[in-house]
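Shown next: structure_4.txt, containing compact mmCIF, C-alpha atoms and all ligand atoms.
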# COMPACT_ATOMS: atom_id res chain seq x y z
CA MET S 1 17.96 -11.18 -16.02
CA THR S 2 20.20 -12.88 -13.48
CA PRO S 3 22.14 -11.50 -10.51
CA ASP S 4 25.33 -11.88 -12.64
CA ASP S 5 24.13 -9.43 -15.25
CA ARG S 6 26.26 -6.29 -15.73
CA LEU S 7 23.26 -3.99 -15.35
CA PHE S 8 22.38 -5.70 -12.10
CA GLN S 9 25.87 -5.70 -10.58
CA GLN S 10 27.14 -2.33 -11.77
CA GLU S 11 24.01 -0.19 -11.77
CA PHE S 12 21.18 -1.71 -9.80
CA LEU S 13 22.96 -3.06 -6.71
CA PRO S 14 25.01 0.09 -5.94
CA LEU S 15 21.90 2.27 -6.40
CA PHE S 16 19.66 0.05 -4.28
CA ARG S 17 22.21 -0.19 -1.47
CA GLN S 18 22.82 3.56 -1.50
CA LEU S 19 19.05 4.22 -1.17
CA ILE S 20 19.00 1.99 1.94
CA ARG S 21 22.15 3.64 3.34
CA ASN S 22 20.65 7.11 2.83
CA ALA S 23 18.21 6.19 5.64
CA CYS S 24 15.36 8.50 4.67
CA VAL S 25 13.45 7.67 7.86
CA ASN S 26 9.96 9.11 8.05
CA THR S 27 8.77 9.34 11.66
CA GLY S 28 5.64 11.28 10.74
CA ASP S 29 7.35 14.50 11.83
CA PRO S 30 7.17 16.92 8.86
CA ASP S 31 10.89 17.59 9.29
CA SER S 32 11.90 13.91 9.14
CA GLY S 33 12.34 11.89 5.94
CA HIS S 34 15.19 13.95 4.42
CA GLU S 35 14.38 12.44 1.02
CA ASP S 36 16.71 14.98 -0.61
CA LYS S 37 19.56 12.54 0.09
CA SER S 38 18.01 9.94 -2.20
CA VAL S 39 16.87 12.57 -4.70
CA ALA S 40 20.57 13.49 -5.07
CA THR S 41 21.53 9.81 -5.48
CA LEU S 42 18.93 9.32 -8.23
CA LYS S 43 19.80 12.60 -9.93
CA ASP S 44 23.43 11.46 -10.20
CA TYR S 45 22.34 8.10 -11.51
CA PHE S 46 20.11 9.57 -14.23
CA ALA S 47 22.73 12.20 -15.14
CA GLY S 48 25.12 9.32 -15.84
CA ARG S 49 22.45 7.95 -18.18
CA GLY S 50 21.99 11.32 -19.90
CA LEU S 51 18.50 11.85 -18.46
CA ASP S 52 17.25 15.11 -16.92
CA CYS S 53 15.16 15.14 -13.74
CA GLN S 54 12.53 17.44 -12.37
CA VAL S 55 12.64 17.89 -8.58
CA TYR S 56 9.66 19.08 -6.53
CA HIS S 57 9.63 20.31 -2.94
CA ALA S 58 6.56 20.58 -0.75
CA ARG S 59 8.92 21.32 2.16
CA PRO S 60 12.67 21.90 2.39
CA GLY S 61 14.52 18.59 2.48
CA ARG S 62 11.53 16.59 1.27
CA GLY S 63 12.14 16.28 -2.43
CA SER S 64 10.39 14.11 -5.00
CA LEU S 65 11.97 13.40 -8.36
CA MET S 66 10.50 12.76 -11.79
CA VAL S 67 11.96 11.81 -15.15
CA ARG S 68 9.63 11.90 -18.13
CA VAL S 69 10.56 10.92 -21.66
CA LYS S 70 8.01 12.31 -24.11
CA GLY S 71 6.36 9.86 -26.48
CA THR S 72 6.31 10.11 -30.27
CA ASP S 73 2.53 9.77 -30.62
CA PRO S 74 0.36 12.24 -28.66
CA MET S 75 -2.56 9.78 -28.85
CA ALA S 76 -0.64 6.87 -27.30
CA PRO S 77 -1.27 6.11 -23.61
CA SER S 78 1.34 7.15 -21.05
CA LEU S 79 2.96 4.86 -18.46
CA MET S 80 4.62 5.73 -15.15
CA PHE S 81 6.69 3.73 -12.68
CA MET S 82 6.16 5.16 -9.23
CA GLY S 83 8.09 4.45 -6.04
CA HIS S 84 8.73 6.13 -2.72
CA LEU S 85 12.03 7.11 -1.12
CA ASP S 86 11.14 7.20 2.56
CA VAL S 87 11.17 4.27 5.01
CA VAL S 88 9.72 3.68 8.46
CA PRO S 89 12.03 3.77 11.52
CA ALA S 90 14.03 0.67 12.57
CA GLN S 91 15.23 -0.18 16.08
CA ALA S 92 18.81 -1.33 15.44
CA ALA S 93 18.97 -3.31 18.72
CA ASP S 94 16.25 -5.69 17.49
CA TRP S 95 17.96 -6.45 14.18
CA SER S 96 20.56 -9.13 13.32
CA VAL S 97 22.45 -6.55 11.20
CA ASP S 98 22.71 -2.75 11.04
CA PRO S 99 19.38 -1.82 9.39
CA PHE S 100 21.00 0.89 7.27
CA SER S 101 24.16 -0.92 6.12
CA ALA S 102 22.53 -2.74 3.17
CA GLU S 103 24.65 -5.82 3.84
CA LEU S 104 24.72 -8.77 1.47
CA GLN S 105 24.36 -11.94 3.54
CA ASP S 106 23.06 -15.41 2.60
CA GLY S 107 22.20 -14.23 -0.91
CA GLN S 108 19.99 -11.44 0.42
CA ILE S 109 20.28 -7.69 0.86
CA TRP S 110 19.31 -6.69 4.39
CA GLY S 111 18.04 -3.30 5.43
CA ARG S 112 15.11 -1.04 6.17
CA GLY S 113 13.28 -0.44 2.91
CA ALA S 114 14.52 -3.67 1.28
CA VAL S 115 10.93 -4.70 0.43
CA ASP S 116 9.06 -1.46 1.24
CA MET S 117 9.86 -0.22 -1.27
CA LEU S 118 13.41 0.70 -2.20
CA CYS S 119 13.83 -2.56 -4.14
CA TRP S 120 11.08 -1.36 -6.47
CA THR S 121 12.20 2.26 -6.60
CA ALA S 122 15.73 1.20 -7.60
CA ALA S 123 14.52 -1.48 -10.05
CA GLN S 124 12.11 1.03 -11.62
CA ALA S 125 14.88 3.64 -12.01
CA VAL S 126 17.35 1.22 -13.61
CA GLY S 127 14.67 -0.51 -15.69
CA PHE S 128 13.44 2.87 -16.89
CA ALA S 129 16.90 4.11 -17.92
CA GLU S 130 17.75 0.85 -19.67
CA ALA S 131 14.40 0.68 -21.51
CA VAL S 132 14.88 4.24 -22.80
CA SER S 133 18.45 3.52 -23.93
CA ARG S 134 17.33 0.43 -25.84
CA VAL S 135 14.31 1.79 -27.72
CA PRO S 136 15.16 3.11 -31.22
CA GLY S 137 15.27 6.93 -31.12
CA GLY S 138 15.11 6.91 -27.31
CA ARG S 139 11.33 7.34 -27.25
CA PHE S 140 8.33 5.06 -26.95
CA PRO S 141 4.96 5.88 -28.58
CA GLY S 142 3.56 7.26 -25.28
CA ASP S 143 5.26 9.16 -22.46
CA LEU S 144 7.30 6.98 -20.12
CA ALA S 145 7.85 8.45 -16.65
CA PHE S 146 9.57 7.54 -13.42
CA LEU S 147 8.53 9.21 -10.17
CA ALA S 148 10.15 8.78 -6.75
CA LEU S 149 8.14 10.32 -3.94
CA ALA S 150 8.70 11.70 -0.47
CA ASP S 151 6.44 11.00 2.50
CA GLU S 152 4.55 7.84 1.51
CA GLU S 153 4.99 6.40 5.00
CA ALA S 154 3.10 9.24 6.71
CA SER S 155 0.24 10.40 4.51
CA GLY S 156 1.71 11.53 1.22
CA ARG S 157 1.13 15.12 2.29
CA TRP S 158 4.67 16.22 1.37
CA GLY S 159 4.82 13.98 -1.72
CA ALA S 160 1.96 12.36 -3.63
CA GLN S 161 -0.80 14.60 -2.31
CA TYR S 162 1.18 17.77 -2.92
CA LEU S 163 2.17 16.78 -6.46
CA THR S 164 -1.27 15.58 -7.53
CA GLU S 165 -2.88 18.74 -6.12
CA HIS S 166 -0.36 21.29 -7.44
CA TYR S 167 1.30 19.71 -10.48
CA TRP S 168 -1.34 17.37 -11.90
CA ASP S 169 -0.58 18.34 -15.50
CA GLU S 170 3.05 17.32 -15.00
CA VAL S 171 2.55 14.11 -13.02
CA LYS S 172 -0.60 12.77 -14.64
CA THR S 173 -0.41 9.53 -16.56
CA ASP S 174 -2.84 7.00 -18.03
CA PHE S 175 -1.19 3.94 -16.48
CA MET S 176 0.96 3.40 -13.41
CA VAL S 177 2.84 0.52 -11.78
CA THR S 178 3.71 0.90 -8.10
CA GLU S 179 3.71 -1.16 -4.87
CA LEU S 180 2.39 -3.55 -3.50
CA GLY S 181 2.04 -7.05 -4.88
CA GLY S 182 4.02 -9.73 -6.66
CA PHE S 183 4.42 -11.92 -3.58
CA PHE S 184 3.52 -15.59 -3.80
CA ILE S 185 1.07 -17.92 -2.11
CA ASP S 186 0.72 -21.67 -2.46
CA THR S 187 -2.76 -22.62 -3.59
CA ASP S 188 -4.31 -26.04 -4.05
CA GLN S 189 -4.11 -25.28 -7.78
CA GLY S 190 -0.40 -24.38 -7.81
CA PRO S 191 1.58 -21.24 -7.03
CA ALA S 192 0.01 -17.80 -7.51
CA ALA S 193 1.19 -14.22 -7.11
CA PHE S 194 -0.90 -11.19 -6.26
CA CYS S 195 -1.41 -8.05 -8.29
CA THR S 196 -3.02 -5.17 -6.38
CA VAL S 197 -5.91 -3.76 -8.40
CA GLY S 198 -7.57 -1.64 -5.74
CA GLU S 199 -7.56 -0.18 -2.25
CA LYS S 200 -10.37 0.22 0.21
CA GLY S 201 -11.41 3.69 1.25
CA VAL S 202 -10.29 5.34 4.47
CA ALA S 203 -12.81 6.89 6.86
CA TRP S 204 -11.49 8.04 10.21
CA VAL S 205 -14.50 8.60 12.40
CA LYS S 206 -14.73 10.67 15.56
CA LEU S 207 -17.64 9.96 17.91
CA THR S 208 -18.20 12.42 20.73
CA ALA S 209 -20.58 12.08 23.68
CA ARG S 210 -21.43 14.65 26.31
CA GLY S 211 -22.00 14.23 30.04
CA THR S 212 -22.66 16.60 32.92
CA PRO S 213 -19.74 17.41 35.24
CA GLY S 214 -20.26 16.80 38.96
CA HIS S 215 -18.39 15.60 42.03
CA GLY S 216 -16.93 12.15 41.55
CA SER S 217 -17.73 11.25 45.15
CA MET S 218 -21.48 11.25 44.40
CA PRO S 219 -22.05 9.24 41.20
CA TYR S 220 -25.68 8.32 41.91
CA GLY S 221 -27.81 9.33 38.93
CA ALA S 222 -24.87 11.16 37.31
CA ASP S 223 -24.74 11.80 33.56
CA ASN S 224 -21.26 10.32 32.99
CA ALA S 225 -19.81 10.30 29.44
CA ALA S 226 -17.27 7.53 30.21
CA PRO S 227 -19.74 4.59 30.46
CA LYS S 228 -21.36 5.77 27.21
CA ALA S 229 -17.99 5.52 25.50
CA ALA S 230 -17.32 2.11 27.02
CA GLU S 231 -20.62 0.75 25.77
CA ALA S 232 -20.04 2.22 22.32
CA VAL S 233 -16.59 0.58 22.10
CA ARG S 234 -18.09 -2.76 23.15
CA ARG S 235 -20.77 -2.58 20.47
CA LEU S 236 -18.46 -1.36 17.70
CA GLY S 237 -15.88 -3.97 18.64
CA ARG S 238 -18.46 -6.68 17.99
CA LEU S 239 -19.78 -5.17 14.77
CA ARG S 240 -19.35 -7.47 11.74
CA MET S 241 -20.36 -5.84 8.50
CA PRO S 242 -21.85 -8.13 5.84
CA LEU S 243 -19.68 -9.75 3.18
CA LYS S 244 -19.94 -8.12 -0.25
CA THR S 245 -18.34 -10.18 -2.96
CA SER S 246 -16.77 -8.53 -6.00
CA PRO S 247 -14.85 -10.24 -8.82
CA ALA S 248 -11.55 -9.26 -7.16
CA TYR S 249 -12.72 -10.60 -3.78
CA LYS S 250 -13.84 -13.88 -5.36
CA ALA S 251 -10.48 -14.28 -7.09
CA MET S 252 -8.67 -13.80 -3.75
CA ALA S 253 -11.00 -16.15 -1.89
CA GLY S 254 -10.75 -18.78 -4.62
CA ALA S 255 -6.94 -18.74 -4.43
CA MET S 256 -6.73 -18.80 -0.62
CA ALA S 257 -9.31 -21.55 -0.03
CA ARG S 258 -8.36 -25.21 0.36
CA GLY S 259 -10.82 -27.71 -1.07
CA PRO S 260 -14.31 -27.30 -2.54
CA TRP S 261 -16.24 -26.63 0.70
CA GLU S 262 -13.97 -23.92 1.94
CA ARG S 263 -13.91 -22.38 -1.53
CA LEU S 264 -17.70 -22.38 -1.72
CA ALA S 265 -18.01 -20.87 1.77
CA LEU S 266 -15.44 -18.12 1.19
CA THR S 267 -16.60 -17.11 -2.28
CA THR S 268 -20.35 -17.12 -1.56
CA GLY S 269 -20.41 -16.19 2.12
CA TRP S 270 -22.48 -19.25 3.11
CA GLY S 271 -20.55 -20.59 6.09
CA GLU S 272 -17.97 -17.84 5.75
CA GLY S 273 -17.38 -17.67 9.54
CA TRP S 274 -16.40 -21.36 9.65
CA ALA S 275 -14.16 -21.13 6.60
CA LEU S 276 -12.47 -17.92 7.74
CA LYS S 277 -11.59 -19.53 11.09
CA ARG S 278 -10.01 -22.48 9.27
CA LEU S 279 -8.05 -20.12 7.04
CA PHE S 280 -6.98 -18.09 10.10
CA ARG S 281 -5.63 -21.22 11.83
CA ARG S 282 -3.66 -22.12 8.71
CA ASN S 283 -2.49 -18.61 7.82
CA PRO S 284 -3.57 -15.63 9.96
CA GLY S 285 -2.12 -13.04 7.55
CA MET S 286 -4.09 -14.40 4.62
CA ALA S 287 -7.32 -14.54 6.62
CA ARG S 288 -6.92 -10.87 7.60
CA PHE S 289 -6.27 -9.84 3.99
CA LEU S 290 -9.36 -11.71 2.81
CA HIS S 291 -11.65 -10.60 5.64
CA THR S 292 -10.94 -6.92 5.03
CA ALA S 293 -11.22 -7.24 1.23
CA GLY S 294 -14.82 -8.45 1.52
CA ARG S 295 -16.40 -5.90 3.80
CA THR S 296 -16.30 -2.47 5.33
CA THR S 297 -14.40 -2.77 8.62
CA VAL S 298 -14.74 -0.79 11.83
CA SER S 299 -11.97 -0.71 14.46
CA PRO S 300 -12.49 1.46 17.59
CA ASN S 301 -8.89 2.26 18.49
CA VAL S 302 -8.71 5.39 20.66
CA VAL S 303 -10.93 6.17 23.66
CA ARG S 304 -10.63 9.32 25.74
CA SER S 305 -12.89 10.67 28.45
CA GLY S 306 -12.86 12.85 31.52
CA GLU S 307 -10.38 15.40 32.83
CA LYS S 308 -9.71 14.55 36.44
CA VAL S 309 -10.30 11.56 38.69
CA ASN S 310 -12.76 13.31 41.02
CA ILE S 311 -14.92 14.93 38.31
CA VAL S 312 -17.75 13.07 36.54
CA ALA S 313 -16.71 12.90 32.86
CA ASP S 314 -18.50 15.56 30.84
CA ARG S 315 -17.06 14.45 27.52
CA ALA S 316 -15.88 11.27 25.80
CA GLU S 317 -14.34 10.76 22.41
CA LEU S 318 -13.79 7.64 20.30
CA LEU S 319 -11.57 7.49 17.24
CA VAL S 320 -12.63 4.70 14.91
CA ASP S 321 -10.61 3.49 11.92
CA CYS S 322 -13.12 2.49 9.22
CA ARG S 323 -12.09 1.08 5.84
CA VAL S 324 -14.87 1.13 3.30
CA LEU S 325 -15.59 -0.90 0.19
CA PRO S 326 -16.05 0.75 -3.20
CA GLY S 327 -19.54 2.23 -3.45
CA THR S 328 -19.89 2.94 0.27
CA THR S 329 -20.83 6.57 0.98
CA LYS S 330 -20.29 8.61 4.13
CA ALA S 331 -24.04 8.37 4.80
CA ASP S 332 -23.96 4.55 4.45
CA LEU S 333 -21.14 4.39 6.97
CA GLU S 334 -22.84 6.68 9.49
CA ALA S 335 -26.05 4.66 9.21
CA ALA S 336 -24.18 1.39 9.87
CA VAL S 337 -22.34 2.80 12.88
CA ARG S 338 -25.53 4.28 14.33
CA ARG S 339 -27.38 0.98 13.81
CA ALA S 340 -24.62 -0.83 15.71
CA LEU S 341 -24.89 1.63 18.61
CA GLY S 342 -28.65 1.24 18.79
CA PRO S 343 -31.20 4.08 18.93
CA ARG S 344 -30.70 5.17 22.55
CA LEU S 345 -26.91 5.20 22.59
CA SER S 346 -26.62 6.53 19.04
CA HIS S 347 -28.64 9.56 20.11
CA GLN S 348 -25.88 10.43 22.63
CA PHE S 349 -23.10 10.62 20.03
CA LYS S 350 -22.07 13.18 17.47
CA PHE S 351 -20.65 11.50 14.33
CA GLU S 352 -17.88 13.19 12.34
CA ILE S 353 -15.50 11.98 9.64
CA SER S 354 -12.08 13.63 10.10
CA ASP S 355 -10.33 11.94 7.15
CA TRP S 356 -11.98 10.48 4.07
CA PHE S 357 -10.47 8.96 0.96
CA PRO S 358 -12.79 6.93 -1.27
CA ALA S 359 -12.13 3.33 -2.23
CA ASN S 360 -10.62 2.89 -5.67
CA LEU S 361 -10.33 0.04 -8.12
CA SER S 362 -8.66 -0.34 -11.52
CA ALA S 363 -10.22 -2.33 -14.35
CA LYS S 364 -8.24 -4.98 -16.23
CA ASP S 365 -9.47 -4.60 -19.82
CA ASN S 366 -6.49 -2.56 -20.99
CA PRO S 367 -3.05 -3.16 -22.54
CA LEU S 368 -1.10 -2.94 -19.25
CA TYR S 369 -2.53 -5.94 -17.42
CA PRO S 370 -1.79 -8.48 -20.19
CA ALA S 371 1.69 -6.97 -20.63
CA MET S 372 2.47 -7.55 -16.95
CA GLU S 373 0.93 -11.00 -17.05
CA LYS S 374 3.04 -11.96 -20.08
CA LEU S 375 6.27 -11.01 -18.29
CA PHE S 376 5.10 -12.76 -15.14
CA LEU S 377 4.30 -16.00 -16.99
CA GLY S 378 7.63 -15.77 -18.81
CA ALA S 379 9.40 -15.95 -15.45
CA HIS S 380 6.93 -18.25 -13.68
CA PRO S 381 5.18 -20.42 -16.30
CA ASP S 382 3.71 -22.72 -13.64
CA SER S 383 2.00 -19.87 -11.76
CA ARG S 384 -0.90 -17.46 -12.17
CA LEU S 385 -1.78 -13.91 -11.21
CA VAL S 386 -4.57 -13.21 -8.73
CA ASP S 387 -6.24 -9.86 -8.00
CA LEU S 388 -5.73 -8.27 -4.61
CA VAL S 389 -7.71 -5.48 -2.98
CA ILE S 390 -5.84 -4.14 0.03
CA GLY S 391 -7.24 -2.65 3.22
CA GLY S 392 -4.30 -0.28 3.61
CA VAL S 393 -3.36 2.53 1.28
CA THR S 394 -0.47 3.41 -1.01
CA ASP S 395 0.37 6.60 -2.89
CA GLY S 396 -1.27 5.00 -5.94
CA ARG S 397 -4.65 6.06 -4.55
CA PHE S 398 -4.03 9.70 -5.48
CA TRP S 399 -3.73 8.71 -9.15
CA ARG S 400 -6.54 6.10 -9.16
CA ALA S 401 -8.86 8.76 -7.74
CA GLN S 402 -8.13 10.89 -10.84
CA GLY S 403 -8.79 8.05 -13.29
CA THR S 404 -5.31 6.57 -13.76
CA THR S 405 -5.20 2.77 -14.04
CA VAL S 406 -2.87 1.73 -11.20
CA TYR S 407 -1.50 -1.71 -10.42
CA GLY S 408 0.66 -2.73 -7.48
CA PHE S 409 3.05 -5.25 -8.95
CA SER S 410 6.62 -6.35 -9.53
CA LEU S 411 8.23 -9.61 -10.44
CA PHE S 412 9.75 -11.54 -7.53
CA SER S 413 11.12 -15.02 -6.95
CA LYS S 414 8.97 -17.64 -5.24
CA ALA S 415 11.06 -17.11 -2.09
CA LEU S 416 9.12 -13.90 -1.52
CA THR S 417 5.91 -15.36 -0.17
CA MET S 418 3.02 -13.37 1.23
CA ASP S 419 4.07 -14.47 4.73
CA ALA S 420 7.69 -13.43 4.24
CA TYR S 421 6.57 -10.12 2.83
CA GLY S 422 4.06 -9.59 5.63
CA GLN S 423 6.68 -10.22 8.32
CA ARG S 424 9.34 -8.03 6.75
CA ILE S 425 7.33 -4.98 5.73
CA HIS S 426 7.83 -2.47 8.59
CA GLY S 427 9.26 -5.46 10.54
CA VAL S 428 12.60 -6.60 11.93
CA ASP S 429 15.33 -7.97 9.60
CA GLU S 430 13.69 -6.69 6.42
CA ARG S 431 15.53 -8.31 3.49
CA ILE S 432 15.17 -9.54 -0.07
CA ASP S 433 16.83 -12.25 -2.14
CA LEU S 434 19.05 -11.41 -5.13
CA GLU S 435 16.92 -13.40 -7.57
CA SER S 436 13.85 -11.30 -6.69
CA LEU S 437 15.86 -8.14 -7.20
CA ALA S 438 17.13 -9.30 -10.60
CA LEU S 439 13.63 -10.29 -11.70
CA GLY S 440 12.35 -6.83 -10.68
CA VAL S 441 14.96 -5.00 -12.74
CA GLY S 442 14.20 -7.21 -15.75
CA PHE S 443 10.47 -6.61 -15.31
CA PHE S 444 10.70 -2.82 -15.39
CA ARG S 445 13.23 -2.95 -18.25
CA GLU S 446 10.94 -5.08 -20.42
CA LEU S 447 7.54 -3.64 -19.47
CA PRO S 448 7.52 -0.51 -21.69
CA ALA S 449 8.34 -2.43 -24.90
CA THR S 450 5.76 -5.11 -24.01
CA PHE S 451 3.11 -2.49 -23.15
CA TRP S 452 3.43 -0.43 -26.36
CA LYS S 453 3.93 -3.43 -28.65
ZN ZN M 1 5.60 1.40 0.75
Would you encode the structure as C-alpha cells?
Ligand SMILES: [Zn+2]
Amino acid sequence: MTPDDRLFQQEFLPLFRQLIRNACVNTGDPDSGHEDKSVATLKDYFAGRGLDCQVYHARPGRGSLMVRVKGTDPMAPSLMFMGHLDVVPAQAADWSVDPFSAELQDGQIWGRGAVDMLCWTAAQAVGFAEAVSRVPGGRFPGDLAFLALADEEASGRWGAQYLTEHYWDEVKTDFMVTELGGFFIDTDQGPAAFCTVGEKGVAWVKLTARGTPGHGSMPYGADNAAPKAAEAVRRLGRLRMPLKTSPAYKAMAGAMARGPWERLALTTGWGEGWALKRLFRRNPGMARFLHTAGRTTVSPNVVRSGEKVNIVADRAELLVDCRVLPGTTKADLEAAVRRALGPRLSHQFKFEISDWFPANLSAKDNPLYPAMEKLFLGAHPDSRLVDLVIGGVTDGRFWRAQGTTVYGFSLFSKALTMDAYGQRIHGVDERIDLESLALGVGFFRELPATFWK
C-alpha cells in the first residue's frame, strides 16, 4: 500500500491524527489517561464499518475497546492485534510543533504517540476492518480480534492487567501482534529489522537496613544505617551478572556485531567487555539493548535513610530495579544480590521483592512467524528479521504469561531506524514518515489472510 491509497488517505490518516489529537496523556495518576476519548473515536470508526465493539472499564474514563469476529472453525487458532490508547506526557515548549496537533510536515506526522504506539493502534484498527470486509463471508477460520487498551504507560493496571484478570475468557487468544519492533539496523550483512519475541522479567527489590538512633553530635561507635546503604549501593552499582546466551541473544549479537572478532566476542562472551565497549562507542543504544538482553541486570536507583540531620540514621532503604532473564527465580536473584553485598553487609539487610513479573519468551515454530516474515520480505526483499528480547515491558507480557504467542512487530520503512525510534519514543518531536504508516496499514490488512492460508 502507498500513502496515495484511498484506505490510507480517507480512513487511516484521519483516525491516526484524531487519536493523537485526543491526547490521552497518562501521568501515572489513576485519573489521568482519559482513554474514553479514543474509545469513542474507534467506536465511531468501527460503527461506520458495520462492526460492533465491546468496551471495558476498570475505572471511569479509562476504557478499553475490543472487536472480535468469530471464526468459522472452532479448532482454528485465534489471532489478535493489540495496541494501547494512552501516551506519555509531552512538554510543548521543548517541541518544534504542538505535540497534540498531529501536523503533517516534511512527509511525516508529528505528535506524541506517533511511534508509541498510536501508529500501530490506528493501522491495526484499519487493517482489521479492511481484512474482515475482504474475506468471503466476513469471517476467517479462527477468531480475529482487535484490542485497544488503557493504561499501558503506567502499569496496565487499568487496562491489560484488569482485562486479563477479570475477562480472560473474552480477551484470550492463541496469537497476538503488538508493539515493539519493526525498526531497522544496518548490519555488515545488510539491513535487518527486529521482531520482539520476549521480555525480561521485572523484579523490584527493596533492601532495608536498621541502625540505632542516637545524637548526631556523637557519632563515635554509632550504629548508623546510612553508611550501610552507601556501601550497598556501591557494591550493587559495580555488580555485573554473567552473560547467558540464548538463541535470541545470539541472533541480536550476531546482527549488531561488526566483523568476525566482535561477532565471536559478543556471541560467545569471550572478550565481551572489549566488544561491548566498541559497540557502545559506535551505537550506545544498541549496546544497551544487547547488554540487557544477555544477563540479569541490577540498578540501585532510590536510596533513603535517616529522619533528621542531628539523629543517627536508624533505618535505610534501597529500591533496586532488577530485570531477570527467563529461568531466573526469586531465590536466584536474592542469592546473587546477597553475594554481591558480601556476608557481613548482607546480614544487615532485609530483602523483599515488591513487584515481580516473570520473564517471557515466545517460540517461533508456528504459523504466525512465517506469515509476518513473508509480508516483511515482500516489502523489504534485501533485508532480514532478527529476534529481539527487550529489557522493558509491554502489555503483551500479560498474554505471554498465559501461554499466548506474542510478537512485537509492524512493517516500517527503512527510515525508521532503531536510533530514530529510540530517540522518539517518549522523546521530543516524536514523528513518523508516511511510507512507514502506509506499510503498517498494509501489514495488518494482509496478515490475517496470510496467517490462515
Ligand atoms: Zn507503547
At what distance in Å, to one decimal, does CA of Trp95 in chain S lie from CA of Ser436 in chain S?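 Value for the CA of Ser436 in chain S-CA of Trp95 in chain S distance: 21.8 Å.
Within 6 Å of range 378-385 of chain S, once all atoms listed in the file are used and residues closer than 5 positions along the same chain are dropped, the contacting residues are S:Pro191, S:Ala192, S:Ala193, S:Phe194.
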With the cut-off set at 9 Å and counting all atoms listed in the file, tabulate each residue of chain S with an atom at most that distance from an atom of ligand ZN 1 (chain M), showing the nearest atom pair and its distance in Å to one decimal, ordered by chain and increasing number, as JSON lines.
{"residue": "S:Gly83", "atom": "CA", "partner": "M:ZN1", "partner_atom": "ZN", "distance": 7.8}
{"residue": "S:His84", "atom": "CA", "partner": "M:ZN1", "partner_atom": "ZN", "distance": 6.6}
{"residue": "S:Leu85", "atom": "CA", "partner": "M:ZN1", "partner_atom": "ZN", "distance": 8.8}
{"residue": "S:Asp86", "atom": "CA", "partner": "M:ZN1", "partner_atom": "ZN", "distance": 8.2}
{"residue": "S:Val87", "atom": "CA", "partner": "M:ZN1", "partner_atom": "ZN", "distance": 7.6}
{"residue": "S:Gly113", "atom": "CA", "partner": "M:ZN1", "partner_atom": "ZN", "distance": 8.2}
{"residue": "S:Val115", "atom": "CA", "partner": "M:ZN1", "partner_atom": "ZN", "distance": 8.1}
{"residue": "S:Asp116", "atom": "CA", "partner": "M:ZN1", "partner_atom": "ZN", "distance": 4.5}
{"residue": "S:Met117", "atom": "CA", "partner": "M:ZN1", "partner_atom": "ZN", "distance": 5.0}
{"residue": "S:Leu118", "atom": "CA", "partner": "M:ZN1", "partner_atom": "ZN", "distance": 8.4}
{"residue": "S:Glu152", "atom": "CA", "partner": "M:ZN1", "partner_atom": "ZN", "distance": 6.6}
{"residue": "S:Glu153", "atom": "CA", "partner": "M:ZN1", "partner_atom": "ZN", "distance": 6.6}
{"residue": "S:Glu179", "atom": "CA", "partner": "M:ZN1", "partner_atom": "ZN", "distance": 6.5}
{"residue": "S:Leu180", "atom": "CA", "partner": "M:ZN1", "partner_atom": "ZN", "distance": 7.3}
{"residue": "S:Thr394", "atom": "CA", "partner": "M:ZN1", "partner_atom": "ZN", "distance": 6.6}
{"residue": "S:Asp395", "atom": "CA", "partner": "M:ZN1", "partner_atom": "ZN", "distance": 8.2}
{"residue": "S:Ile425", "atom": "CA", "partner": "M:ZN1", "partner_atom": "ZN", "distance": 8.3}
With all atoms listed in the file counted and 10 Å as the cut-off, give the residues of range 192-277 of chain S in contact with range 351-358 of chain S, each with its shortest interatomic distance in Å and the pair that gives it, as a Markdown table.
| residue | atom | partner | partner_atom | distance |
| --- | --- | --- | --- | --- |
| S:Glu199 | CA | S:Pro358 | CA | 8.9 |
| S:Lys200 | CA | S:Pro358 | CA | 7.3 |
| S:Gly201 | CA | S:Pro358 | CA | 4.3 |
| S:Val202 | CA | S:Phe357 | CA | 5.0 |
| S:Ala203 | CA | S:Trp356 | CA | 4.6 |
| S:Trp204 | CA | S:Asp355 | CA | 5.1 |
| S:Val205 | CA | S:Ile353 | CA | 4.5 |
| S:Lys206 | CA | S:Glu352 | CA | 5.2 |
| S:Leu207 | CA | S:Phe351 | CA | 4.9 |
| S:Thr208 | CA | S:Phe351 | CA | 6.9 |
| S:Ala209 | CA | S:Phe351 | CA | 9.4 |
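Nearest residue to Ala251 in chain S among S:Asn360, S:Thr297, S:Gln91, S:Thr268 is S:Thr268, counting all atoms listed in the file.
Near Gln124 in chain S, within 10 Å and counting all atoms listed in the file, sit Phe12, Met80, Phe81, Met82, Gly83, Leu118, Glu130, Ala145, Phe146, Leu147, Ala148, Val177, Thr178, Ser410, Gly440, Val441, Gly442, Phe443, Phe444 and Arg445 of chain S; same-chain residues fewer than 6 positions away were not included.
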For range 154-166 of chain S, please output as a PyMOL selection string all residues within 10 Å (counting only C-alpha atoms; exclusion window: fewer than 6 positions along the same chain). chain S and resi 26-30+33+56-60+62-65+84-88+147-148+172+393-399+402
Between CA of Pro247 in chain S and CA of Met372 in chain S, what is the distance in Å, rounded to a tenth?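 Spanning CA of Pro247 in chain S to CA of Met372 in chain S is a straight-line distance of 19.3 Å.
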So what do you get for CA of Met66 in chain S versus CA of Leu7 in chain S, distance-wise? 21.4 Å
Closest of S:Ala340, S:Leu388, S:Ala420, S:Ala125 to Gly294 in chain S, counting all atoms listed in the file, is S:Leu388
Rank S:Pro448, S:Pro227, S:Gly427, S:Gly342 by their smallest atom-to-atom distance to Gly111 in chain S, using all atoms listed in the file, and report the top residue only.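 Closest candidate: S:Gly427.
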Of the listed residues S:Thr405, S:Ala129, S:Leu333, S:Pro99, that which approaches Asp365 in chain S most closely, counting all atoms listed in the file: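 Nearest to Asp365 in chain S: S:Thr405.
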Using only C-alpha atoms, the shortest atom-to-atom distance to Arg210 in chain S among S:Thr296, S:Gln348, S:Thr267, S:Thr173 belongs to S:Gln348
Please provide as a PyMOL selection string all residues within 9 Å of Ala415 in chain S, with the sequence filter that same-chain residues fewer than 4 positions apart are discarded (counting all atoms listed in the file). chain S and resi 183-184+420+432-433+435-436
Expected axis-aligned box over every listed atom of range 406-416 of chain S, 8 Å added per side, centre plus edges in Å to one decimal, as AutoDock Vina command-line options:
--center_x 4.1 --center_y -8.0 --center_z -6.4 --size_x 30.0 --size_y 35.4 --size_z 25.7
